[in-house]
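Chemist: Structure supplied as target-v5.txt; contents: compact mmCIF, C-alpha atoms.
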# COMPACT_ATOMS: atom_id res chain seq x y z
CA MET A 143 17.19 -8.05 -23.35
CA SER A 144 14.24 -5.68 -23.59
CA ALA A 145 12.39 -4.63 -20.43
CA THR A 146 9.23 -3.72 -22.31
CA ARG A 147 6.04 -3.65 -20.29
CA LEU A 148 3.61 -2.36 -22.91
CA PRO A 149 0.54 -4.51 -23.68
CA ALA A 150 0.36 -6.90 -26.60
CA GLN A 151 0.11 -5.37 -30.05
CA ASP A 152 -3.54 -6.34 -30.40
CA ALA A 153 -4.43 -4.11 -27.42
CA PRO A 154 -6.28 -0.93 -28.42
CA ALA A 155 -3.91 1.93 -29.14
CA PRO A 156 -3.91 4.60 -26.42
CA ARG A 157 -5.37 7.97 -27.27
CA ALA A 158 -2.80 10.75 -27.57
CA LEU A 159 -2.41 13.12 -24.65
CA ASP A 160 -3.60 16.70 -25.01
CA PRO A 161 -1.10 18.67 -22.88
CA GLU A 162 -2.85 21.96 -23.57
CA ARG A 163 -6.02 20.61 -22.00
CA LEU A 164 -4.15 18.97 -19.13
CA ARG A 165 -2.30 22.17 -18.25
CA ALA A 166 -5.55 23.62 -16.96
CA ASP A 167 -5.41 21.00 -14.18
CA PHE A 168 -2.06 22.28 -12.84
CA PRO A 169 -2.38 25.68 -11.15
CA ALA A 170 1.35 26.13 -10.50
CA LEU A 171 2.05 26.22 -14.24
CA HIS A 172 0.08 29.41 -14.75
CA ARG A 173 2.41 31.80 -12.98
CA ARG A 174 4.84 34.09 -14.76
CA VAL A 175 8.55 34.11 -13.97
CA HIS A 176 10.56 37.28 -14.56
CA GLY A 177 7.80 38.43 -16.89
CA HIS A 178 7.85 35.24 -18.98
CA PRO A 179 5.44 32.30 -19.17
CA TYR A 180 6.54 29.57 -16.79
CA THR A 181 8.19 26.73 -18.70
CA TYR A 182 8.69 23.93 -16.19
CA LEU A 183 11.19 21.31 -17.35
CA ASP A 184 12.27 19.76 -14.06
CA SER A 185 9.70 17.02 -13.47
CA ALA A 186 12.40 14.40 -12.95
CA ALA A 187 13.18 16.27 -9.72
CA THR A 188 9.52 16.70 -8.77
CA SER A 189 6.35 16.91 -10.79
CA GLN A 190 3.60 19.48 -10.52
CA ARG A 191 0.31 18.51 -8.85
CA PRO A 192 -3.12 18.52 -10.47
CA ARG A 193 -6.12 20.08 -8.78
CA SER A 194 -7.58 16.65 -7.98
CA VAL A 195 -4.55 15.77 -5.84
CA ILE A 196 -4.61 19.14 -4.10
CA ARG A 197 -8.32 18.74 -3.43
CA ALA A 198 -7.86 15.24 -2.01
CA VAL A 199 -5.26 16.40 0.50
CA ASP A 200 -7.27 19.50 1.37
CA ALA A 201 -10.46 17.50 1.85
CA TYR A 202 -8.77 15.12 4.28
CA TYR A 203 -7.63 17.99 6.49
CA ARG A 204 -10.91 19.88 6.19
CA ARG A 205 -13.37 17.03 6.71
CA THR A 206 -11.77 13.74 7.67
CA ASN A 207 -8.78 14.63 9.82
CA ALA A 208 -8.32 11.63 12.12
CA ASN A 209 -5.76 8.94 12.79
CA ILE A 210 -6.15 5.57 11.09
CA HIS A 211 -6.41 1.93 12.23
CA ARG A 212 -7.33 3.04 15.75
CA GLY A 213 -10.60 4.89 16.27
CA VAL A 214 -14.04 3.42 15.74
CA TYR A 215 -15.73 6.78 15.24
CA ALA A 216 -16.89 7.92 11.81
CA ALA A 217 -14.02 10.23 10.83
CA ALA A 218 -11.39 7.66 11.84
CA GLU A 219 -13.09 4.96 9.81
CA GLU A 220 -13.41 7.32 6.84
CA ALA A 221 -9.70 8.23 7.05
CA THR A 222 -8.73 4.57 7.23
CA ALA A 223 -10.88 3.76 4.20
CA LEU A 224 -9.28 6.58 2.19
CA TYR A 225 -5.76 5.57 3.22
CA GLU A 226 -6.28 1.90 2.44
CA GLY A 227 -8.24 2.74 -0.70
CA ALA A 228 -5.15 4.52 -2.01
CA ARG A 229 -3.17 1.33 -1.38
CA ASP A 230 -5.71 -0.57 -3.47
CA ARG A 231 -5.23 1.87 -6.37
CA ILE A 232 -1.45 1.48 -6.17
CA ALA A 233 -1.74 -2.31 -6.09
CA ALA A 234 -3.96 -2.21 -9.18
CA LEU A 235 -1.49 0.11 -10.94
CA LEU A 236 1.35 -2.37 -10.33
CA ASP A 237 -0.82 -5.50 -10.73
CA VAL A 238 0.27 -6.84 -7.34
CA ASP A 239 -1.34 -7.93 -4.08
CA ARG A 240 -2.18 -5.04 -1.76
CA SER A 241 -0.34 -6.76 1.13
CA GLU A 242 2.90 -6.25 -0.83
CA VAL A 243 2.46 -2.47 -1.09
CA ILE A 244 4.31 -0.71 1.73
CA TYR A 245 4.06 3.02 2.25
CA THR A 246 7.38 4.79 2.81
CA ARG A 247 8.45 8.43 2.79
CA ASN A 248 10.03 8.10 -0.65
CA ALA A 249 12.02 5.73 -2.84
CA THR A 250 15.12 6.45 -0.77
CA GLU A 251 13.51 5.11 2.40
CA GLY A 252 12.24 2.05 0.56
CA LEU A 253 15.71 1.19 -0.72
CA ASN A 254 17.22 1.68 2.73
CA LEU A 255 14.50 -0.54 4.19
CA VAL A 256 15.57 -3.37 1.89
CA ALA A 257 19.27 -2.79 2.57
CA TYR A 258 18.70 -3.16 6.31
CA ALA A 259 15.77 -5.53 6.72
CA TYR A 260 16.77 -7.90 3.90
CA GLY A 261 20.44 -7.15 3.31
CA GLU A 262 21.63 -7.63 6.88
CA GLY A 263 20.40 -11.22 6.92
CA HIS A 264 21.50 -12.23 3.44
CA VAL A 265 24.85 -10.54 2.75
CA GLY A 266 28.02 -11.49 4.58
CA PRO A 267 31.80 -11.60 4.17
CA ASN A 268 32.90 -12.85 0.75
CA ASP A 269 29.47 -11.91 -0.68
CA ALA A 270 28.87 -9.02 -3.06
CA VAL A 271 26.23 -6.47 -4.05
CA LEU A 272 26.09 -5.46 -7.71
CA VAL A 273 25.10 -1.91 -8.71
CA THR A 274 25.50 0.09 -11.92
CA GLU A 275 27.64 3.09 -12.74
CA SER A 276 24.56 5.18 -13.48
CA GLU A 277 22.74 4.81 -10.14
CA HIS A 278 21.20 7.67 -8.22
CA HIS A 279 22.89 8.03 -4.84
CA SER A 280 19.73 6.64 -3.23
CA ASN A 281 20.41 3.29 -4.91
CA LEU A 282 24.15 3.37 -4.28
CA LEU A 283 24.82 4.63 -0.75
CA PRO A 284 22.58 2.07 1.05
CA TRP A 285 24.54 -0.72 -0.65
CA GLN A 286 27.89 0.89 0.07
CA ARG A 287 26.95 1.05 3.74
CA LEU A 288 25.62 -2.52 3.75
CA CYS A 289 28.91 -3.79 2.30
CA GLU A 290 30.87 -1.82 4.89
CA ARG A 291 28.82 -3.26 7.74
CA ARG A 292 28.89 -6.83 6.46
CA GLY A 293 32.42 -6.98 5.09
CA ALA A 294 31.09 -7.58 1.58
CA ARG A 295 32.23 -6.25 -1.79
CA LEU A 296 30.50 -3.73 -4.03
CA GLU A 297 30.64 -4.72 -7.69
CA VAL A 298 29.78 -2.26 -10.47
CA LEU A 299 28.35 -2.70 -13.96
CA PRO A 300 29.81 0.03 -16.22
CA VAL A 301 27.87 2.03 -18.79
CA THR A 302 28.76 2.72 -22.41
CA ASP A 303 29.14 6.15 -23.97
CA ARG A 304 25.47 5.89 -24.93
CA GLY A 305 24.58 5.40 -21.27
CA GLU A 306 23.52 1.78 -21.75
CA LEU A 307 24.63 -0.95 -19.37
CA ASP A 308 27.67 -2.90 -20.50
CA LEU A 309 26.45 -6.45 -19.87
CA SER A 310 29.42 -8.25 -21.40
CA GLU A 311 30.73 -9.35 -17.99
CA LEU A 312 27.37 -9.69 -16.22
CA ASP A 313 27.41 -13.46 -15.78
CA ALA A 314 31.04 -13.47 -14.70
CA VAL A 315 30.39 -10.82 -12.06
CA LEU A 316 27.25 -12.56 -10.81
CA ALA A 317 29.25 -15.74 -10.33
CA ARG A 318 31.50 -13.96 -7.81
CA GLY A 319 29.10 -14.29 -4.91
CA VAL A 320 26.58 -11.57 -5.77
CA ARG A 321 23.59 -11.76 -3.43
CA ILE A 322 21.78 -8.54 -4.40
CA VAL A 323 21.58 -6.71 -7.73
CA ALA A 324 20.39 -3.10 -7.41
CA LEU A 325 19.66 -1.07 -10.53
CA SER A 326 17.48 1.74 -11.76
CA HIS A 327 14.72 1.04 -14.25
CA VAL A 328 15.27 4.41 -15.96
CA SER A 329 18.32 6.64 -15.43
CA ASN A 330 17.45 9.97 -13.83
CA VAL A 331 20.25 11.62 -15.84
CA LEU A 332 20.28 9.94 -19.24
CA GLY A 333 16.70 8.73 -19.62
CA VAL A 334 17.97 5.27 -20.59
CA GLU A 335 15.60 2.40 -19.86
CA ASN A 336 17.69 -0.44 -18.50
CA PRO A 337 16.98 -4.08 -19.51
CA VAL A 338 15.77 -5.00 -16.03
CA ALA A 339 14.02 -8.20 -17.10
CA TYR A 340 17.18 -9.56 -18.72
CA VAL A 341 19.39 -8.63 -15.77
CA ALA A 342 16.85 -10.12 -13.35
CA GLU A 343 16.73 -13.41 -15.25
CA ARG A 344 20.52 -13.73 -15.10
CA ALA A 345 20.62 -12.61 -11.46
CA HIS A 346 18.03 -15.17 -10.39
CA ARG A 347 19.96 -17.93 -12.12
CA ALA A 348 22.95 -16.92 -10.00
CA GLY A 349 20.89 -16.92 -6.80
CA ALA A 350 20.67 -13.14 -6.34
CA VAL A 351 17.63 -10.98 -5.65
CA VAL A 352 16.90 -7.87 -7.70
CA VAL A 353 16.11 -4.44 -6.25
CA VAL A 354 14.74 -1.88 -8.72
CA ASP A 355 14.74 1.89 -8.31
CA ALA A 356 11.63 2.79 -10.32
CA ALA A 357 11.41 6.45 -9.33
CA GLN A 358 11.78 7.55 -12.96
CA SER A 359 9.74 4.80 -14.60
CA VAL A 360 6.51 4.37 -12.62
CA PRO A 361 5.47 8.00 -13.36
CA HIS A 362 5.97 7.55 -17.09
CA MET A 363 5.00 4.05 -18.18
CA PRO A 364 3.13 0.89 -17.20
CA VAL A 365 5.33 -1.01 -14.73
CA ARG A 366 4.62 -4.56 -13.55
CA PRO A 367 7.23 -5.57 -10.95
CA ARG A 368 6.69 -9.30 -11.32
CA ALA A 369 6.87 -9.14 -15.11
CA LEU A 370 10.16 -7.26 -14.77
CA GLY A 371 11.52 -10.00 -12.53
CA ALA A 372 11.97 -7.59 -9.62
CA ASP A 373 12.05 -8.88 -6.07
CA PHE A 374 11.77 -5.38 -4.60
CA LEU A 375 10.80 -2.14 -6.34
CA ALA A 376 10.66 1.40 -4.94
CA PHE A 377 9.31 4.73 -6.18
CA SER A 378 8.31 8.17 -4.93
CA GLY A 379 4.92 9.85 -5.05
CA HIS A 380 6.15 13.37 -5.73
CA LYS A 381 7.56 12.44 -9.14
CA MET A 382 4.19 11.09 -10.31
CA LEU A 383 1.85 14.03 -9.52
CA GLY A 384 1.49 13.08 -5.85
CA PRO A 385 2.51 14.89 -2.66
CA THR A 386 5.99 14.93 -1.19
CA GLY A 387 6.73 12.73 1.80
CA ILE A 388 5.11 9.57 0.44
CA GLY A 389 6.55 6.68 -1.54
CA VAL A 390 6.06 2.98 -2.07
CA LEU A 391 8.13 -0.14 -1.62
CA TRP A 392 6.83 -3.26 -3.31
CA GLY A 393 8.31 -6.61 -2.40
CA ARG A 394 7.54 -10.25 -3.05
CA ARG A 395 5.34 -11.41 -0.22
CA GLU A 396 7.49 -14.41 0.70
CA LEU A 397 10.52 -12.16 1.11
CA LEU A 398 8.67 -9.50 3.11
CA GLU A 399 7.19 -12.09 5.46
CA ALA A 400 10.63 -13.49 6.25
CA MET A 401 12.20 -10.06 6.90
CA PRO A 402 12.36 -8.38 10.31
CA PRO A 403 10.73 -4.94 10.60
CA PHE A 404 12.79 -1.90 9.68
CA LEU A 405 11.27 0.40 12.34
CA THR A 406 9.38 -0.61 15.45
CA GLY A 407 6.67 1.17 17.44
CA GLY A 408 2.97 1.77 17.18
CA ASP A 409 0.68 0.18 14.62
CA MET A 410 3.17 -2.40 13.35
CA VAL A 411 2.70 -4.90 16.17
CA GLY A 412 0.49 -7.89 16.81
CA THR A 413 0.96 -8.22 20.56
CA VAL A 414 3.37 -6.53 22.94
CA HIS A 415 4.54 -7.72 26.34
CA LEU A 416 7.29 -6.23 28.46
CA ARG A 417 9.94 -8.59 27.13
CA ARG A 418 8.61 -9.78 23.79
CA ALA A 419 6.42 -8.76 20.89
CA THR A 420 4.93 -10.12 17.70
CA TRP A 421 4.54 -8.19 14.46
CA ALA A 422 1.46 -7.21 12.50
CA GLU A 423 0.61 -8.86 9.20
CA LEU A 424 1.82 -7.36 5.93
CA PRO A 425 1.95 -4.60 4.93
CA HIS A 426 1.59 -3.02 8.39
CA LYS A 427 4.67 -4.77 9.75
CA PHE A 428 6.75 -2.17 7.90
CA GLU A 429 4.62 0.90 8.66
CA ALA A 430 5.49 1.97 12.20
CA GLY A 431 3.82 4.96 13.83
CA THR A 432 1.30 7.42 12.49
CA PRO A 433 1.89 7.44 8.73
CA ALA A 434 1.66 10.19 6.13
CA ILE A 435 -2.12 9.86 5.88
CA ALA A 436 -2.92 12.93 3.80
CA GLU A 437 0.02 12.24 1.52
CA ALA A 438 -1.06 8.64 0.92
CA ILE A 439 -4.56 9.83 0.06
CA GLY A 440 -3.03 12.38 -2.31
CA LEU A 441 -0.94 9.67 -3.95
CA GLY A 442 -4.07 7.62 -4.46
CA ALA A 443 -5.61 10.60 -6.27
CA ALA A 444 -2.47 10.95 -8.41
CA VAL A 445 -2.65 7.28 -9.40
CA GLU A 446 -6.30 7.76 -10.32
CA TYR A 447 -5.38 10.76 -12.49
CA LEU A 448 -2.58 8.89 -14.30
CA THR A 449 -4.69 5.79 -14.77
CA ALA A 450 -7.40 7.86 -16.42
CA LEU A 451 -4.81 9.20 -18.88
CA ASP A 452 -3.59 5.69 -19.81
CA LEU A 453 0.06 5.21 -18.92
CA ARG A 454 0.79 3.89 -22.40
CA ALA A 455 -0.12 7.32 -23.72
CA VAL A 456 1.99 8.95 -21.00
CA ALA A 457 4.95 6.78 -22.04
CA GLU A 458 4.61 7.73 -25.71
CA HIS A 459 4.25 11.42 -24.89
CA SER A 460 7.29 11.47 -22.57
CA ARG A 461 9.48 9.60 -25.04
CA THR A 462 8.46 11.72 -28.01
CA LEU A 463 9.13 14.99 -26.23
CA ALA A 464 12.45 13.83 -24.77
CA MET A 465 13.67 12.61 -28.15
CA HIS A 466 12.58 15.90 -29.72
CA ALA A 467 14.44 17.86 -27.03
CA ALA A 468 17.63 15.85 -27.61
CA GLU A 469 17.43 16.42 -31.35
CA ARG A 470 16.80 20.17 -31.06
CA LEU A 471 19.58 20.71 -28.52
CA ALA A 472 22.07 18.65 -30.55
CA GLU A 473 21.49 20.99 -33.51
CA LEU A 474 22.95 23.89 -31.52
CA PRO A 475 26.67 24.63 -31.84
CA ARG A 476 28.92 23.57 -28.96
CA VAL A 477 26.16 21.66 -27.19
CA THR A 478 26.89 18.14 -25.97
CA VAL A 479 23.92 15.82 -25.37
CA TYR A 480 24.70 12.86 -23.12
CA GLY A 481 23.41 9.32 -23.29
CA PRO A 482 21.51 7.99 -26.29
CA PRO A 483 22.29 9.87 -29.51
CA PRO A 484 19.66 12.12 -31.08
CA GLY A 485 16.93 9.97 -32.61
CA ALA A 486 17.43 7.10 -30.15
CA ALA A 487 14.81 6.26 -27.57
CA ARG A 488 14.99 7.94 -24.18
CA THR A 489 12.45 8.43 -21.41
CA ALA A 490 11.47 11.94 -20.28
CA VAL A 491 15.02 13.24 -19.67
CA VAL A 492 17.79 14.89 -21.67
CA ALA A 493 21.10 15.90 -20.08
CA PHE A 494 23.40 18.30 -21.89
CA ASN A 495 26.16 20.88 -21.51
CA VAL A 496 27.09 24.04 -23.38
CA ALA A 497 30.79 24.49 -23.97
CA GLY A 498 32.18 27.39 -21.97
CA VAL A 499 29.05 27.80 -19.81
CA HIS A 500 28.83 26.18 -16.39
CA PRO A 501 25.52 24.34 -15.96
CA HIS A 502 24.62 26.48 -12.95
CA ASP A 503 25.19 29.66 -14.97
CA LEU A 504 23.16 28.18 -17.80
CA ALA A 505 20.27 27.37 -15.46
CA THR A 506 20.36 30.91 -14.06
CA ILE A 507 20.19 32.45 -17.54
CA LEU A 508 17.34 30.11 -18.46
CA ASP A 509 15.46 31.03 -15.30
CA GLY A 510 15.62 34.66 -16.42
CA GLN A 511 13.68 33.51 -19.50
CA GLY A 512 11.12 31.66 -17.39
CA VAL A 513 12.59 28.23 -18.21
CA ALA A 514 13.17 25.95 -15.21
CA ILE A 515 15.74 23.17 -15.62
CA ARG A 516 18.02 21.30 -13.22
CA ALA A 517 21.78 21.82 -13.05
CA GLY A 518 24.31 19.89 -10.99
CA HIS A 519 25.45 16.31 -10.50
CA HIS A 520 21.84 15.06 -10.15
CA CYS A 521 22.74 12.81 -7.19
CA ALA A 522 24.75 10.69 -9.62
CA GLN A 523 28.36 11.77 -9.09
CA PRO A 524 29.91 8.48 -10.28
CA LEU A 525 28.11 8.97 -13.59
CA MET A 526 29.48 12.52 -13.83
CA GLU A 527 32.96 11.04 -13.30
CA ARG A 528 32.25 8.50 -16.04
CA TYR A 529 31.62 11.34 -18.51
CA GLY A 530 34.46 13.51 -17.19
CA VAL A 531 32.30 16.42 -16.04
CA ALA A 532 31.45 17.94 -12.68
CA ALA A 533 27.85 18.71 -13.60
CA MET A 534 25.26 18.63 -16.35
CA ALA A 535 22.18 20.60 -17.27
CA ARG A 536 19.01 18.49 -17.40
CA ALA A 537 15.62 19.14 -18.93
CA SER A 538 12.82 16.71 -18.10
CA VAL A 539 9.26 16.54 -19.36
CA TYR A 540 5.90 15.23 -18.24
CA VAL A 541 2.25 15.08 -19.26
CA TYR A 542 1.76 18.86 -19.19
CA ASN A 543 4.70 19.75 -21.45
CA ARG A 544 4.38 20.67 -25.13
CA ASP A 545 6.62 21.18 -28.14
CA GLN A 546 6.55 24.92 -27.52
CA ASP A 547 8.17 24.33 -24.14
CA LEU A 548 11.08 22.73 -25.96
CA GLU A 549 11.28 25.65 -28.37
CA ARG A 550 11.48 28.01 -25.39
CA LEU A 551 14.25 25.83 -23.96
CA VAL A 552 16.26 26.01 -27.19
CA ALA A 553 15.74 29.77 -27.51
CA ALA A 554 16.85 30.27 -23.90
CA VAL A 555 19.99 28.17 -24.48
CA ARG A 556 20.79 30.33 -27.51
CA ARG A 557 20.32 33.39 -25.32
CA ALA A 558 22.76 31.97 -22.77
CA GLN A 559 25.32 31.42 -25.52
CA ASP A 560 24.90 35.06 -26.54
CA VAL A 561 25.38 36.22 -22.95
CA PHE A 562 28.62 34.23 -22.71
CA GLY A 563 29.94 35.55 -25.99
CA GLY A 564 28.77 32.82 -28.32
CA ALA A 565 30.48 30.19 -26.18
What is this file in structure tokens?
Modeler:
Amino acid sequence: MSATRLPAQDAPAPRALDPERLRADFPALHRRVHGHPYTYLDSAATSQRPRSVIRAVDAYYRRTNANIHRGVYAAAEEATALYEGARDRIAALLDVDRSEVIYTRNATEGLNLVAYAYGEGHVGPNDAVLVTESEHHSNLLPWQRLCERRGARLEVLPVTDRGELDLSELDAVLARGVRIVALSHVSNVLGVENPVAYVAERAHRAGAVVVVDAAQSVPHMPVRPRALGADFLAFSGHKMLGPTGIGVLWGRRELLEAMPPFLTGGDMVGTVHLRRATWAELPHKFEAGTPAIAEAIGLGAAVEYLTALDLRAVAEHSRTLAMHAAERLAELPRVTVYGPPPGAARTAVVAFNVAGVHPHDLATILDGQGVAIRAGHHCAQPLMERYGVAAMARASVYVYNRDQDLERLVAAVRRAQDVFGGA
């Protein structure tokens, strides 16, 4: 049931990351907050950007600012080459055909695109969509709305106390008319890597397609959508060192070709007459209007940066730090760590609470020590209900984090306990 994507064991081992060296590439990390060094532990919400990404966006606006796919003058052709060159890098990262790589604003838009452009034609009354209890709202609400519109049912796979999917009833649920299975590759709250390949194999046997929210996996590990068994896969650029306002939807070509466009307008058409129109070839059929050109170019630079690091090394670094964070926090009195127990594998994220201290208060105290974490329901309120809490604190790591960042986190949590009377 493993969803492992790492290369065969005879592949050369990746070199270890050097976060101290990498930190020099990220200017935002070198500020001080309330007189303390800035300890950024909220990359699951949005990552920092390296200088190469900032330069790529800046260079477009300074030297190559023109619309794409339209002009025949030099700057327009240069902008088009940069924009499409970024698509090539993304396709290489995923090991897919470039025509299957669709630019969106973010993972949320990509998932909504599938819910409308695919879901409307393939889900009807007496059908069902299967989601999991741990989904981000972006991979839950589009399917809720689809079921409401189409008179379909929403089925839910529960999670165990460890945050893992309970697959004991998977085949039975799939047999009840499930047409779409939507699940995250990695939980944005618990850091659990779901067995996507196993679920996809069972789903395909039952005649369902599989939609994967990869917002928390593509930044941290090698991801090959076809090897996972995905039919659609979405992720956001801003969580993987790229700009905000740009994301990617990948879909199997045969499915994308059969789908109607999500948005209509300029640049996504073949021919237009007053009463009829034809659509452009993939991927442009799904990219209406002037796109986020600078942001796409910036995402291409982010992919280049990550590729140079070796995503296998990124995966090992993220997992090691997250496991270390879970272990160190679990050693503290009255601290509850959610999801996999200390010592178990997790990816980049650790969610926890301190007894007697609201997560928002905890985050405020930590901010006073220069430590930035997330507090709240993390756009996963059903998962909060599953664990019987209104909110959790969450620390998340990336390529620029070090063990000393985790030590600052632990010291700041101890300080918060002192402030609240040793809660």
Chemist: Figure out the distance between atom CA of A:Arg516 and atom CA of A:His502, please, to one decimal in Å.
Modeler: 8.4 Å
Chemist: Counting only C-alpha atoms, which of A:Ser329, A:Ser310, A:Thr302, A:Ser359 gets nearest to A:His278?
Modeler: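 The closest residue to A:His278 is A:Ser329.
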Chemist: With a distance cut-off of 10 Å and all atoms listed in the file, select the neighbouring residues of A:Asp509, excluding the residue or stretch itself and same-chain residues fewer than 5 positions from it, and output the selection as number ranges by chain.
Modeler: A: 175-176, 178, 180-182, 503-504, 514-515, 554
Chemist: If I take atom CA of A:Asp184 and atom CA of A:His520, how far is one from the other in Å, to one decimal?
Modeler: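 For atom CA of A:Asp184 relative to atom CA of A:His520, the distance reads 11.4 Å.
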Chemist: Can you tell me how far atom CA of A:Tyr225 sits from atom CA of A:Ala357, in Å to one decimal?
Modeler: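 Interatomic distance, atom CA of A:Tyr225 to atom CA of A:Ala357: 21.3 Å.
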Chemist: Taking only residues of stretch 392-430 of chain A that have an atom at most 12 Å from an atom of stretch 263-271 of chain A, what is each one's shortest atom pair and its distance in Å to one decimal, using only C-alpha atoms, in chain and number order, as a tab-separated table?
Modeler:
residue	atom	partner	partner_atom	distance
A:Leu397	CA	A:His264	CA	11.2
A:Ala400	CA	A:Gly263	CA	10.1
A:Met401	CA	A:Gly263	CA	8.3
A:Pro402	CA	A:Gly263	CA	9.2
Chemist: Excluding stretch 203-218 of chain A and any residue of its chain fewer than 3 positions from it, enumerate the residues within 9 Å of it, using all atoms listed in the file, and give them as a list in words.
Modeler: Ala198, Val199, Asp200, Ala221, Thr222, Ala223, Tyr225, Asp409, Thr432, Pro433, Ile435 and Ala436 of chain A
Chemist: Got a sec: who's within 12 Å of stretch 280-291 of chain A, counting all atoms listed in the file, leaving out chain neighbours fewer than 3 positions off, as a VMD selection string?
Modeler: chain A and resid 248 to 277 294 to 298 320 to 327 329 to 330 353 to 357 375 to 378 520 to 525
Chemist: Counting all atoms listed in the file, which residues come within 9 Å of (17.5, -7.6, -17.6), with the point read in the file's coordinates, and could you list them as a list in words?
Modeler: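 Result, sorted by chain then residue number: Met143, Ser144, Ala145, Asn336, Pro337, Val338, Ala339, Tyr340, Val341, Ala342, Glu343, Arg344, Ala345, Leu370 and Gly371 of chain A.
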Chemist: Closest to A:Val479 among A:Val365, A:Gly333, A:His459, A:Leu307, using only C-alpha atoms?
Modeler: A:Gly333
Chemist: Which residue out of A:Ser538, A:Asn543, A:Thr449, A:Thr246 has the minimum interatomic distance to A:Ala187 when only C-alpha atoms are used?
Modeler: A:Ser538
Chemist: Give the answer as one residue: which of A:Val315, A:Ala158, A:Pro192, A:Gly384 has the shortest atom-to-atom distance to A:Leu171, using only C-alpha atoms?
Modeler: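 Ranking A:Val315, A:Ala158, A:Pro192, A:Gly384 by distance to A:Leu171, first place goes to A:Pro192.
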Chemist: Counting all atoms listed in the file, I want the residues whose atoms come within 12 Å of (0.3, 6.2, -26.5) in the file frame, returned as a ChimeraX atom specification.
Modeler: /A:148-149,153-160,362-364,451-462,541
Chemist: Would you mind exporting the chosen residues as a short mmCIF file (atom, residue, chain, number, x, y, z; two decimals), in the frame of the given file, restricted to C-alpha atoms?
Modeler:
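Result file part-v9.cif:
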data_model
loop_
_atom_site.label_atom_id
_atom_site.label_comp_id
_atom_site.auth_asym_id
_atom_site.auth_seq_id
_atom_site.Cartn_x
_atom_site.Cartn_y
_atom_site.Cartn_z
CA LEU A 148 3.61 -2.36 -22.91
CA PRO A 149 0.54 -4.51 -23.68
CA ALA A 153 -4.43 -4.11 -27.42
CA PRO A 154 -6.28 -0.93 -28.42
CA ALA A 155 -3.91 1.93 -29.14
CA PRO A 156 -3.91 4.60 -26.42
CA ARG A 157 -5.37 7.97 -27.27
CA ALA A 158 -2.80 10.75 -27.57
CA LEU A 159 -2.41 13.12 -24.65
CA ASP A 160 -3.60 16.70 -25.01
CA HIS A 362 5.97 7.55 -17.09
CA MET A 363 5.00 4.05 -18.18
CA PRO A 364 3.13 0.89 -17.20
CA LEU A 451 -4.81 9.20 -18.88
CA ASP A 452 -3.59 5.69 -19.81
CA LEU A 453 0.06 5.21 -18.92
CA ARG A 454 0.79 3.89 -22.40
CA ALA A 455 -0.12 7.32 -23.72
CA VAL A 456 1.99 8.95 -21.00
CA ALA A 457 4.95 6.78 -22.04
CA GLU A 458 4.61 7.73 -25.71
CA HIS A 459 4.25 11.42 -24.89
CA SER A 460 7.29 11.47 -22.57
CA ARG A 461 9.48 9.60 -25.04
CA THR A 462 8.46 11.72 -28.01
CA VAL A 541 2.25 15.08 -19.26
#
Chemist: Here is a test: counting all atoms listed in the file, which residue of A:Arg304, A:Arg395, A:His426, A:Arg470 is nearest to A:Ala487?
Modeler: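 The shortest atom-to-atom distance to A:Ala487 comes from A:Arg304.
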Chemist: Between A:Ala558, A:Pro484, A:Val411, A:Ala369, which residue has the minimum interatomic distance to A:Glu429, considering only C-alpha atoms?
Modeler: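 Answer, going by the shortest atom-to-atom distance: A:Val411.
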Chemist: Tell me which protein, DNA and RNA residues are within 8 Å of A:Ala468, counting all atoms listed in the file, leaving out same-chain ones fewer than 4 positions away, and put them as a list of chain:residue names.
Modeler: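 The filter keeps A:Ala464, A:Ala472, A:Val479, A:Pro483, A:Pro484, A:Gly485, A:Val492.
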Chemist: List the neighbours of A:Phe494 out to 10 Å using only C-alpha atoms; skip same-chain residues closer than 2 positions along the sequence, and give me the result as a PyMOL selection string.
Modeler: chain A and resi 331-332+468+471-472+477-481+492+496-497+501+517+533-537
Chemist: As lines of an AutoDock Vina configuration file, please: the centre and edge lengths in Å, to one decimal, of an axis-aligned box enclosing every listed atom of stretch 434-452 of chain A with 6 Å added on each side.
Modeler:
center_x = -2.9
center_y = 9.3
center_z = -6.8
size_x = 21.1
size_y = 19.2
size_z = 37.9
Chemist: Kindly add N, CA and C atoms to the incomplete stretch 334-339 of chain A and provide the output as a JSON list (two decimals), in the frame of the given file.
Modeler:
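Output contents, as saved in rebuild07.json:
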[["chain", "number", "residue", "atom", "x", "y", "z"],
["A", 334, "VAL", "N", 17.83, 6.60, -20.02],
["A", 334, "VAL", "CA", 17.97, 5.27, -20.59],
["A", 334, "VAL", "C", 17.12, 4.28, -19.79],
["A", 335, "GLU", "N", 16.35, 3.47, -20.50],
["A", 335, "GLU", "CA", 15.60, 2.40, -19.86],
["A", 335, "GLU", "C", 16.46, 1.15, -19.83],
["A", 336, "ASN", "N", 16.81, 0.71, -18.63],
["A", 336, "ASN", "CA", 17.69, -0.44, -18.50],
["A", 336, "ASN", "C", 16.94, -1.75, -18.73],
["A", 337, "PRO", "N", 17.62, -2.77, -19.24],
["A", 337, "PRO", "CA", 16.98, -4.08, -19.51],
["A", 337, "PRO", "C", 16.81, -4.88, -18.22],
["A", 338, "VAL", "N", 15.93, -4.41, -17.36],
["A", 338, "VAL", "CA", 15.77, -5.00, -16.03],
["A", 338, "VAL", "C", 15.39, -6.47, -16.12],
["A", 339, "ALA", "N", 14.48, -6.81, -17.02],
["A", 339, "ALA", "CA", 14.02, -8.20, -17.10],
["A", 339, "ALA", "C", 15.17, -9.14, -17.45]]
